[in-house]
>>> print(open('model.txt').read())   # compact mmCIF, C-alpha atoms
# COMPACT_ATOMS: atom_id res chain seq x y z
CA MET E 173 26.09 -19.34 -31.16
CA ALA E 174 22.74 -20.92 -30.25
CA THR E 175 24.26 -22.10 -26.96
CA ARG E 176 25.60 -18.67 -26.30
CA THR E 177 22.20 -17.07 -26.90
CA ALA E 178 20.39 -19.62 -24.76
CA LYS E 179 22.95 -19.10 -22.02
CA GLY E 180 22.52 -15.35 -22.33
CA ALA E 181 18.76 -15.61 -22.02
CA GLU E 182 19.19 -17.78 -18.95
CA THR E 183 21.59 -15.28 -17.34
CA ARG E 184 19.16 -12.46 -18.08
CA LEU E 185 16.31 -14.42 -16.50
CA ARG E 186 18.41 -15.26 -13.43
CA ILE E 187 19.08 -11.56 -12.89
CA ILE E 188 15.38 -10.70 -13.34
CA ARG E 189 14.30 -13.39 -10.86
CA ALA E 190 16.83 -12.32 -8.24
CA ALA E 191 15.83 -8.67 -8.67
CA ALA E 192 12.10 -9.43 -8.49
CA ASP E 193 12.72 -11.28 -5.23
CA LEU E 194 14.82 -8.46 -3.72
CA PHE E 195 12.33 -5.76 -4.81
CA HIS E 196 9.52 -7.79 -3.24
CA LYS E 197 11.52 -8.25 -0.05
CA GLN E 198 12.93 -4.78 0.51
CA GLY E 199 11.69 -2.44 -2.24
CA VAL E 200 13.52 -0.93 -5.19
CA ALA E 201 15.24 1.98 -3.44
CA ALA E 202 16.93 -0.31 -0.88
CA THR E 203 18.18 -2.70 -3.58
CA SER E 204 21.55 -1.99 -5.22
CA PRO E 205 22.83 -3.47 -8.49
CA ASP E 206 25.58 -5.14 -6.45
CA GLN E 207 22.99 -6.97 -4.33
CA VAL E 208 21.22 -8.20 -7.46
CA ILE E 209 24.50 -9.31 -9.00
CA ALA E 210 25.44 -11.21 -5.82
CA ALA E 211 21.99 -12.79 -5.41
CA SER E 212 21.89 -13.93 -9.04
CA GLY E 213 25.46 -15.21 -9.06
CA THR E 214 26.22 -13.23 -12.21
CA GLY E 215 28.72 -10.48 -12.99
CA LYS E 216 28.70 -6.70 -13.21
CA SER E 217 29.38 -6.73 -16.96
CA GLN E 218 26.44 -9.08 -17.57
CA PHE E 219 24.15 -6.91 -15.45
CA TYR E 220 24.98 -3.74 -17.37
CA HIS E 221 25.01 -5.57 -20.71
CA TYR E 222 21.42 -6.76 -20.26
CA PHE E 223 19.85 -3.89 -18.32
CA GLY E 224 21.99 -0.77 -18.67
CA SER E 225 20.93 0.55 -15.26
CA LYS E 226 18.79 -0.23 -12.22
CA GLU E 227 15.90 1.67 -13.86
CA GLY E 228 16.23 -0.61 -16.89
CA LEU E 229 16.11 -3.62 -14.61
CA VAL E 230 12.97 -2.44 -12.77
CA HIS E 231 11.29 -1.97 -16.14
CA GLU E 232 12.25 -5.51 -17.23
CA VAL E 233 11.06 -7.01 -13.93
CA LEU E 234 7.70 -5.31 -14.44
CA GLN E 235 7.55 -6.50 -18.06
CA THR E 236 7.99 -10.02 -16.69
CA TRP E 237 5.16 -9.52 -14.17
CA LEU E 238 2.99 -8.13 -16.98
CA GLU E 239 3.61 -11.23 -19.09
CA ALA E 240 2.70 -13.41 -16.11
CA VAL E 241 -0.56 -11.51 -15.53
CA ARG E 242 -1.43 -11.68 -19.24
CA GLY E 243 -0.44 -15.32 -19.58
CA GLY E 244 -2.21 -16.55 -16.46
CA THR E 245 0.92 -17.51 -14.53
CA TYR E 246 0.74 -14.69 -11.97
CA PRO E 247 0.43 -16.24 -8.48
CA ALA E 248 -3.01 -14.66 -8.08
CA ASP E 249 -4.54 -15.09 -11.55
CA PRO E 250 -7.24 -12.44 -12.12
CA ALA E 251 -8.99 -14.49 -14.84
CA ILE E 252 -12.27 -15.06 -12.97
CA GLU E 253 -15.07 -17.37 -14.14
CA SER E 254 -17.13 -17.68 -10.96
CA TRP E 255 -17.63 -16.29 -7.45
CA ARG E 256 -15.54 -19.21 -6.28
CA ASP E 257 -12.67 -18.08 -8.56
CA LEU E 258 -13.04 -14.56 -7.23
CA GLU E 259 -12.77 -15.76 -3.64
CA GLN E 260 -9.74 -17.86 -4.62
CA TRP E 261 -8.14 -14.83 -6.25
CA PHE E 262 -8.51 -12.89 -2.98
CA ARG E 263 -7.29 -15.81 -0.86
CA ALA E 264 -4.31 -16.45 -3.17
CA HIS E 265 -2.87 -13.09 -2.09
CA ALA E 266 -3.25 -14.01 1.57
CA LYS E 267 -1.63 -17.42 1.00
CA TRP E 268 1.23 -15.85 -0.93
CA GLN E 269 1.88 -13.49 1.95
CA LYS E 270 1.78 -16.29 4.51
CA ARG E 271 4.50 -18.11 2.56
CA PHE E 272 6.77 -15.21 3.51
CA GLN E 273 5.63 -15.21 7.15
CA MET E 274 3.82 -11.92 6.53
CA THR E 275 7.15 -10.08 6.05
CA ARG E 276 6.29 -9.01 2.49
CA GLY E 277 3.43 -7.18 0.84
CA CYS E 278 2.31 -7.34 -2.77
CA PRO E 279 5.38 -7.21 -5.08
CA LEU E 280 3.64 -4.68 -7.33
CA GLY E 281 2.27 -2.57 -4.47
CA THR E 282 5.71 -2.49 -2.85
CA ILE E 283 7.23 -1.10 -6.05
CA GLY E 284 4.29 1.32 -6.40
CA ASN E 285 4.65 2.71 -2.93
CA GLY E 286 8.31 3.45 -3.54
CA LEU E 287 7.64 5.49 -6.68
CA THR E 288 9.07 8.99 -6.93
CA ALA E 289 8.22 11.72 -9.42
CA ASP E 290 11.18 10.62 -11.58
CA ASP E 291 9.92 7.07 -12.04
CA GLU E 292 7.45 7.81 -14.80
CA LEU E 293 8.35 4.70 -16.82
CA VAL E 294 7.93 2.44 -13.79
CA ARG E 295 4.64 4.11 -12.90
CA GLN E 296 3.36 3.50 -16.41
CA ASP E 297 4.49 -0.14 -16.24
CA LEU E 298 2.53 -0.60 -13.02
CA THR E 299 -0.49 1.26 -14.42
CA LEU E 300 -0.54 -1.10 -17.37
CA ILE E 301 -0.27 -4.23 -15.20
CA PHE E 302 -3.14 -3.07 -12.97
CA GLU E 303 -5.14 -2.12 -16.08
CA VAL E 304 -4.84 -5.67 -17.36
CA MET E 305 -5.82 -7.06 -13.94
CA ARG E 306 -8.74 -4.62 -13.67
CA ASN E 307 -10.07 -5.60 -17.10
CA LYS E 308 -9.86 -9.29 -16.28
CA LEU E 309 -11.73 -8.74 -13.00
CA ALA E 310 -14.27 -6.41 -14.63
CA ALA E 311 -14.97 -8.99 -17.35
CA PHE E 312 -16.41 -11.29 -14.67
CA PHE E 313 -18.71 -8.58 -13.30
CA ILE E 314 -19.76 -7.61 -16.86
CA ARG E 315 -20.71 -11.21 -17.64
CA GLU E 316 -22.62 -11.58 -14.38
CA LYS E 317 -24.54 -8.37 -14.97
CA ALA E 318 -25.36 -9.33 -18.56
CA ALA E 319 -26.77 -12.59 -17.25
CA GLY E 320 -28.92 -10.72 -14.71
CA ARG E 321 -26.91 -12.10 -11.79
CA LEU E 322 -25.52 -8.72 -10.67
CA ALA E 323 -27.50 -5.61 -9.71
CA ALA E 324 -27.95 -3.22 -12.63
CA ALA E 325 -26.75 -0.37 -10.38
CA ALA E 326 -23.34 -1.99 -9.90
CA SER E 327 -20.42 -0.42 -11.78
CA GLU E 328 -18.28 -3.28 -13.05
CA GLN E 329 -15.16 -1.09 -13.27
CA ALA E 330 -15.68 0.30 -9.76
CA LEU E 331 -16.05 -3.22 -8.37
CA ALA E 332 -12.85 -4.30 -10.12
CA ASP E 333 -11.02 -1.27 -8.67
CA PHE E 334 -12.49 -2.08 -5.27
CA CYS E 335 -11.10 -5.65 -5.50
CA LEU E 336 -7.60 -4.39 -6.34
CA ALA E 337 -7.59 -1.65 -3.71
CA THR E 338 -8.83 -3.88 -0.88
CA VAL E 339 -6.30 -6.58 -1.74
CA GLU E 340 -3.47 -4.04 -1.84
CA GLY E 341 -4.58 -2.41 1.40
CA ALA E 342 -5.08 -5.73 3.17
CA MET E 343 -1.61 -6.94 2.19
CA LEU E 344 -0.02 -3.69 3.32
CA MET E 345 -1.79 -3.72 6.69
CA GLY E 346 -1.08 -7.44 7.08
CA ARG E 347 2.59 -6.84 6.47
CA ILE E 348 2.83 -3.95 8.92
CA GLY E 349 0.95 -5.82 11.64
CA ARG E 350 2.48 -9.22 10.66
CA SER E 351 -1.09 -10.46 10.88
CA SER E 352 -2.77 -12.82 8.44
CA ALA E 353 -6.02 -12.62 10.45
CA LEU E 354 -6.24 -8.94 9.51
CA VAL E 355 -5.87 -9.81 5.81
CA ASP E 356 -8.48 -12.57 6.05
CA SER E 357 -11.03 -10.36 7.79
CA THR E 358 -10.62 -7.54 5.25
CA ILE E 359 -11.08 -10.06 2.42
CA ASP E 360 -14.22 -11.39 4.17
CA GLU E 361 -15.69 -7.87 4.33
CA ALA E 362 -14.77 -7.14 0.70
CA LEU E 363 -16.38 -10.37 -0.51
CA ALA E 364 -19.52 -9.68 1.54
CA HIS E 365 -19.76 -6.30 -0.14
CA LEU E 366 -19.29 -7.71 -3.65
CA ARG E 367 -21.88 -10.45 -3.02
CA SER E 368 -24.36 -7.82 -1.86
CA TYR E 369 -24.75 -6.92 -5.56
CA VAL E 370 -26.11 -10.38 -6.33
CA PRO E 371 -29.91 -10.06 -6.51
CA SER E 372 -31.77 -12.28 -4.05
CA PRO E 373 -33.55 -15.08 -5.88
CA MET V 296 20.05 28.73 28.32
CA ALA V 297 16.27 28.86 27.86
CA THR V 298 16.78 30.44 24.44
CA ARG V 299 19.26 27.75 23.54
CA THR V 300 16.84 24.99 24.53
CA ALA V 301 13.94 26.58 22.65
CA LYS V 302 16.16 27.01 19.62
CA GLY V 303 17.27 23.40 19.91
CA ALA V 304 13.68 22.20 20.03
CA GLU V 305 12.90 24.28 16.98
CA THR V 306 15.86 22.85 15.04
CA ARG V 307 14.82 19.32 16.00
CA LEU V 308 11.26 19.98 14.82
CA ARG V 309 12.50 21.48 11.55
CA ILE V 310 14.48 18.32 10.85
CA ILE V 311 11.48 16.12 11.71
CA ARG V 312 9.18 18.11 9.43
CA ALA V 313 11.60 18.05 6.51
CA ALA V 314 12.15 14.31 6.98
CA ALA V 315 8.41 13.56 7.24
CA ASP V 316 7.88 15.42 3.98
CA LEU V 317 10.72 13.60 2.17
CA PHE V 318 9.62 10.17 3.49
CA HIS V 319 6.08 10.93 2.29
CA LYS V 320 7.35 12.05 -1.10
CA GLN V 321 9.92 9.36 -1.90
CA GLY V 322 10.03 6.80 0.90
CA VAL V 323 12.61 6.18 3.61
CA ALA V 324 15.12 4.13 1.60
CA ALA V 325 15.48 6.82 -1.08
CA THR V 326 16.02 9.58 1.51
CA SER V 327 19.56 10.27 2.73
CA PRO V 328 20.51 12.20 5.87
CA ASP V 329 22.16 14.77 3.55
CA GLN V 330 18.85 15.39 1.80
CA VAL V 331 17.09 15.91 5.13
CA ILE V 332 19.85 18.26 6.31
CA ALA V 333 19.62 20.30 3.09
CA ALA V 334 15.81 20.41 3.11
CA SER V 335 15.69 21.51 6.75
CA GLY V 336 18.48 24.08 6.38
CA THR V 337 20.28 22.61 9.39
CA GLY V 338 23.72 21.06 9.80
CA LYS V 339 25.20 17.58 9.95
CA SER V 340 26.25 17.95 13.57
CA GLN V 341 22.73 19.01 14.58
CA PHE V 342 21.22 16.07 12.71
CA TYR V 343 23.43 13.52 14.46
CA HIS V 344 23.14 15.30 17.80
CA TYR V 345 19.33 15.00 17.80
CA PHE V 346 18.79 11.70 16.00
CA GLY V 347 22.01 9.66 16.01
CA SER V 348 21.15 7.94 12.72
CA LYS V 349 18.53 7.76 9.97
CA GLU V 350 16.83 4.93 11.88
CA GLY V 351 16.59 7.23 14.91
CA LEU V 352 15.05 9.90 12.72
CA VAL V 353 12.42 7.55 11.23
CA HIS V 354 11.45 6.56 14.77
CA GLU V 355 11.09 10.21 15.81
CA VAL V 356 9.04 11.06 12.71
CA LEU V 357 6.68 8.20 13.57
CA GLN V 358 6.49 9.32 17.20
CA THR V 359 5.38 12.71 15.87
CA TRP V 360 2.68 11.08 13.69
CA LEU V 361 1.58 9.04 16.72
CA GLU V 362 1.20 12.19 18.80
CA ALA V 363 -0.84 13.77 15.99
CA VAL V 364 -3.15 10.74 15.77
CA ARG V 365 -3.56 10.65 19.55
CA GLY V 366 -4.03 14.41 19.86
CA GLY V 367 -6.49 14.78 17.00
CA THR V 368 -4.23 16.86 14.75
CA TYR V 369 -3.60 14.11 12.15
CA PRO V 370 -4.89 15.34 8.76
CA ALA V 371 -7.48 12.54 8.73
CA ASP V 372 -8.63 12.42 12.36
CA PRO V 373 -10.02 8.95 13.16
CA ALA V 374 -12.10 10.21 16.12
CA ILE V 375 -15.53 9.43 14.67
CA GLU V 376 -18.85 10.51 16.21
CA SER V 377 -21.23 9.97 13.30
CA TRP V 378 -21.56 8.41 9.85
CA ARG V 379 -20.89 11.86 8.49
CA ASP V 380 -17.59 12.00 10.39
CA LEU V 381 -16.72 8.57 9.03
CA GLU V 382 -17.34 9.69 5.47
CA GLN V 383 -15.27 12.82 6.14
CA TRP V 384 -12.45 10.67 7.50
CA PHE V 385 -12.42 8.66 4.26
CA ARG V 386 -12.68 11.77 2.07
CA ALA V 387 -9.93 13.59 4.03
CA HIS V 388 -7.44 11.02 2.72
CA ALA V 389 -8.57 11.64 -0.86
CA LYS V 390 -8.33 15.41 -0.39
CA TRP V 391 -4.88 15.12 1.17
CA GLN V 392 -3.71 13.12 -1.82
CA LYS V 393 -5.18 15.59 -4.30
CA ARG V 394 -3.19 18.37 -2.64
CA PHE V 395 -0.09 16.55 -3.90
CA GLN V 396 -1.55 16.04 -7.41
CA MET V 397 -1.85 12.30 -6.65
CA THR V 398 1.94 11.92 -6.59
CA ARG V 399 1.99 10.67 -2.99
CA GLY V 400 0.26 7.92 -1.07
CA CYS V 401 -0.39 7.72 2.67
CA PRO V 402 2.72 8.84 4.59
CA LEU V 403 2.38 5.88 6.97
CA GLY V 404 1.60 3.35 4.24
CA THR V 405 4.60 4.56 2.24
CA ILE V 406 6.89 3.93 5.21
CA GLY V 407 5.17 0.59 5.83
CA ASN V 408 5.63 -0.65 2.30
CA GLY V 409 9.34 0.10 2.47
CA LEU V 410 9.89 -1.97 5.61
CA THR V 411 12.58 -4.64 5.62
CA ALA V 412 13.13 -7.44 8.11
CA ASP V 413 15.69 -5.25 9.95
CA ASP V 414 13.22 -2.42 10.64
CA GLU V 415 11.56 -4.00 13.66
CA LEU V 416 11.42 -0.73 15.64
CA VAL V 417 9.82 1.13 12.72
CA ARG V 418 7.34 -1.71 12.18
CA GLN V 419 6.35 -1.54 15.84
CA ASP V 420 5.96 2.24 15.61
CA LEU V 421 3.60 1.82 12.65
CA THR V 422 1.71 -1.02 14.34
CA LEU V 423 1.10 1.21 17.35
CA ILE V 424 -0.10 4.14 15.23
CA PHE V 425 -2.53 1.91 13.31
CA GLU V 426 -3.64 0.33 16.60
CA VAL V 427 -4.60 3.76 17.94
CA MET V 428 -6.43 4.57 14.69
CA ARG V 429 -8.18 1.19 14.69
CA ASN V 430 -9.38 1.65 18.28
CA LYS V 431 -10.73 5.13 17.52
CA LEU V 432 -12.60 3.83 14.47
CA ALA V 433 -13.83 0.73 16.32
CA ALA V 434 -15.16 2.92 19.17
CA PHE V 435 -17.67 4.42 16.72
CA PHE V 436 -18.89 1.00 15.57
CA ILE V 437 -19.06 -0.21 19.20
CA ARG V 438 -21.24 2.75 20.19
CA GLU V 439 -23.50 2.29 17.17
CA LYS V 440 -23.94 -1.39 17.91
CA ALA V 441 -24.65 -0.74 21.60
CA ALA V 442 -27.36 1.70 20.52
CA GLY V 443 -28.90 -0.92 18.21
CA ARG V 444 -27.92 1.03 15.13
CA LEU V 445 -25.49 -1.56 13.77
CA ALA V 446 -26.20 -5.22 12.97
CA ALA V 447 -25.36 -7.53 15.86
CA ALA V 448 -23.42 -9.74 13.41
CA ALA V 449 -20.98 -6.93 12.60
CA SER V 450 -17.48 -7.22 14.08
CA GLU V 451 -16.48 -3.73 15.15
CA GLN V 452 -12.77 -4.54 14.96
CA ALA V 453 -13.10 -6.11 11.51
CA LEU V 454 -14.97 -3.04 10.26
CA ALA V 455 -12.25 -0.75 11.65
CA ASP V 456 -9.58 -2.88 9.93
CA PHE V 457 -11.62 -2.78 6.73
CA CYS V 458 -11.70 1.05 6.88
CA LEU V 459 -7.92 1.26 7.28
CA ALA V 460 -7.15 -1.34 4.60
CA THR V 461 -9.47 0.18 2.00
CA VAL V 462 -8.11 3.68 2.61
CA GLU V 463 -4.53 2.44 2.33
CA GLY V 464 -5.28 0.42 -0.79
CA ALA V 465 -7.23 3.24 -2.42
CA MET V 466 -4.41 5.71 -1.82
CA LEU V 467 -1.83 3.32 -3.20
CA MET V 468 -3.83 2.58 -6.34
CA GLY V 469 -4.68 6.27 -6.73
CA ARG V 470 -1.02 7.16 -6.58
CA ILE V 471 0.05 4.52 -9.10
CA GLY V 472 -2.73 5.47 -11.52
CA ARG V 473 -2.54 9.22 -10.69
CA SER V 474 -6.31 8.97 -10.42
CA SER V 475 -8.46 10.55 -7.75
CA ALA V 476 -11.59 9.06 -9.37
CA LEU V 477 -10.27 5.62 -8.50
CA VAL V 478 -9.83 6.65 -4.85
CA ASP V 479 -13.31 8.16 -4.72
CA SER V 480 -15.00 5.11 -6.21
CA THR V 481 -13.24 2.74 -3.81
CA ILE V 482 -14.29 4.93 -0.89
CA ASP V 483 -17.89 4.90 -2.21
CA GLU V 484 -17.89 1.10 -2.29
CA ALA V 485 -16.35 0.87 1.18
CA LEU V 486 -18.94 3.26 2.65
CA ALA V 487 -21.78 1.36 0.95
CA HIS V 488 -20.50 -1.81 2.59
CA LEU V 489 -20.21 -0.25 6.04
CA ARG V 490 -23.71 1.25 5.79
CA SER V 491 -25.12 -2.16 4.86
CA TYR V 492 -24.66 -3.05 8.55
CA VAL V 493 -27.16 -0.36 9.56
CA PRO V 494 -30.49 -2.13 10.17
CA SER V 495 -33.35 -0.84 8.00
CA PRO V 496 -35.85 1.09 10.07
>>> encode(input="model.txt", output="structure tokens")
Amino acid sequence: MATRTAKGAETRLRIIRAAADLFHKQGVAATSPDQVIAASGTGKSQFYHYFGSKEGLVHEVLQTWLEAVRGGTYPADPAIESWRDLEQWFRAHAKWQKRFQMTRGCPLGTIGNGLTADDELVRQDLTLIFEVMRNKLAAFFIREKAAGRLAAAASEQALADFCLATVEGAMLMGRIGRSSALVDSTIDEALAHLRSYVPSP
Amino acid sequence: MATRTAKGAETRLRIIRAAADLFHKQGVAATSPDQVIAASGTGKSQFYHYFGSKEGLVHEVLQTWLEAVRGGTYPADPAIESWRDLEQWFRAHAKWQKRFQMTRGCPLGTIGNGLTADDELVRQDLTLIFEVMRNKLAAFFIREKAAGRLAAAASEQALADFCLATVEGAMLMGRIGRSSALVDSTIDEALAHLRSYVPSP
């Protein structure tokens, strides 16, 4: 029984991983259950047993991303302790994209841009993931401001939103233009802006 | 014969408009030729006569957006003469999104985020559209720099890319979070950064 459960958990995870990869590559709408089943080397009955539907699967993929963001295993960990960490967080997105020869954008942004009015559960999943990211980023700006190392006029939440939006936009434009230089230069400008809030000594 | 041609052109345009709206609303992958035919009130034979396939239709929709960007009829015209125009260009995106109750992103970004490795023609169409936008935006920064009103260290192309990436990212995040405040605050930060290149008098 224990073996069976462990095996089941492994099958479930294999399907989630294959789906996450396909969604990242081609979006949710272009991905069929059959493609996920083939890519994961599992069966139709297993797919429907664990996820019920494609919508159920998208939800579970996003729950897995949420766990990764919360647990610090997301490829671009938004737990920031220093300006160096913040720069690394930005650059991690660019590196991630280069690993796919600039053919993919952000896995979360790709799902977000394919949302329709019917995908309210998926939209809420994404909203929650970005909320967790935003709070982690904002915590850095809050600490810096409390220590007098960030201009009092800066809005910590707005800066966190700015980080997320520029990263998402840079990855999208980088993917369309297949250009990592474009991503790098947008990150440079974003960092210059954020650093402008550091008071001169 | 003239009537027939004019009628044909009108049918073709009706299909393009209905498709552009559906692609904006739900992306390309989720849109079937049948949906476009129903939404445009045309017929299957007309659809295939004018466009051959869905891929052909996506290409024609993007050609229409390209014409709009070139001709100055795009809803956010990137022909910028002043800082006020630049702010209006940014805000026009936010307004456009509000008209759809934040349920849609940028029509071009939405198509871009749904790209797969097979969509090389569509990717090139988008790259060309963004190239035209980038050059129009960069022309403003080039003129400002030539007139000594922009820091010599500023890269006009990088600033133009930064404008496009922040707008795309802001619209994507605004759509996911159904929040226009988020879009506005990201635009505020982006404008503050761009204005930091204006030398103090």
>>> interface_residues(input="model.txt", of="chain V", to="chain E", cutoff="9 Å", atoms="all atoms listed in the file", output="ChimeraX atom specification")
/V:320-325,398-400,404-412,418-419,421-422,425,453-454,456-472,477-478,480-482,484-485,487-489,491
>>> residues_near_point(input="model.txt", point="(20.4, 10.8, 7.0)", cutoff="10 Å", atoms="only C-alpha atoms", output="PyMOL selection string")
chain V and resi 314+323+326-332+339+342-343+346-353
>>> atom_distance(input="model.txt", atom1="atom CA of Gly213 of chain E", atom2="atom CA of Asp414 of chain V")
26.5 Å
>>> atom_distance(input="model.txt", atom1="atom CA of Ser254 of chain E", atom2="atom CA of Gln273 of chain E")
29.2 Å
>>> atom_distance(input="model.txt", atom1="atom CA of Ala441 of chain V", atom2="atom CA of Val364 of chain V")
25.1 Å
>>> residues_near_point(input="model.txt", point="(17.4, 23.8, 18.1)", cutoff="12 Å", atoms="only C-alpha atoms", output="VMD selection string")
chain V and resid 296 to 311 335 to 338 340 to 342 344 to 345
>>> closest_residue(input="model.txt", among="V:Arg438, V:Arg379, V:Ser474, V:Met428", to="Lys393 of chain V", atoms="all atoms listed in the file")
V:Ser474
>>> residues_around(input="model.txt", residues="Lys431 of chain V", least_positions_apart="2", cutoff="10 Å", atoms="all atoms listed in the file", output="list of chain:residue names")
V:Val364, V:Arg365, V:Asp372, V:Pro373, V:Ala374, V:Ile375, V:Glu376, V:Phe425, V:Glu426, V:Val427, V:Met428, V:Arg429, V:Ala433, V:Ala434, V:Phe435, V:Phe436, V:Ala455
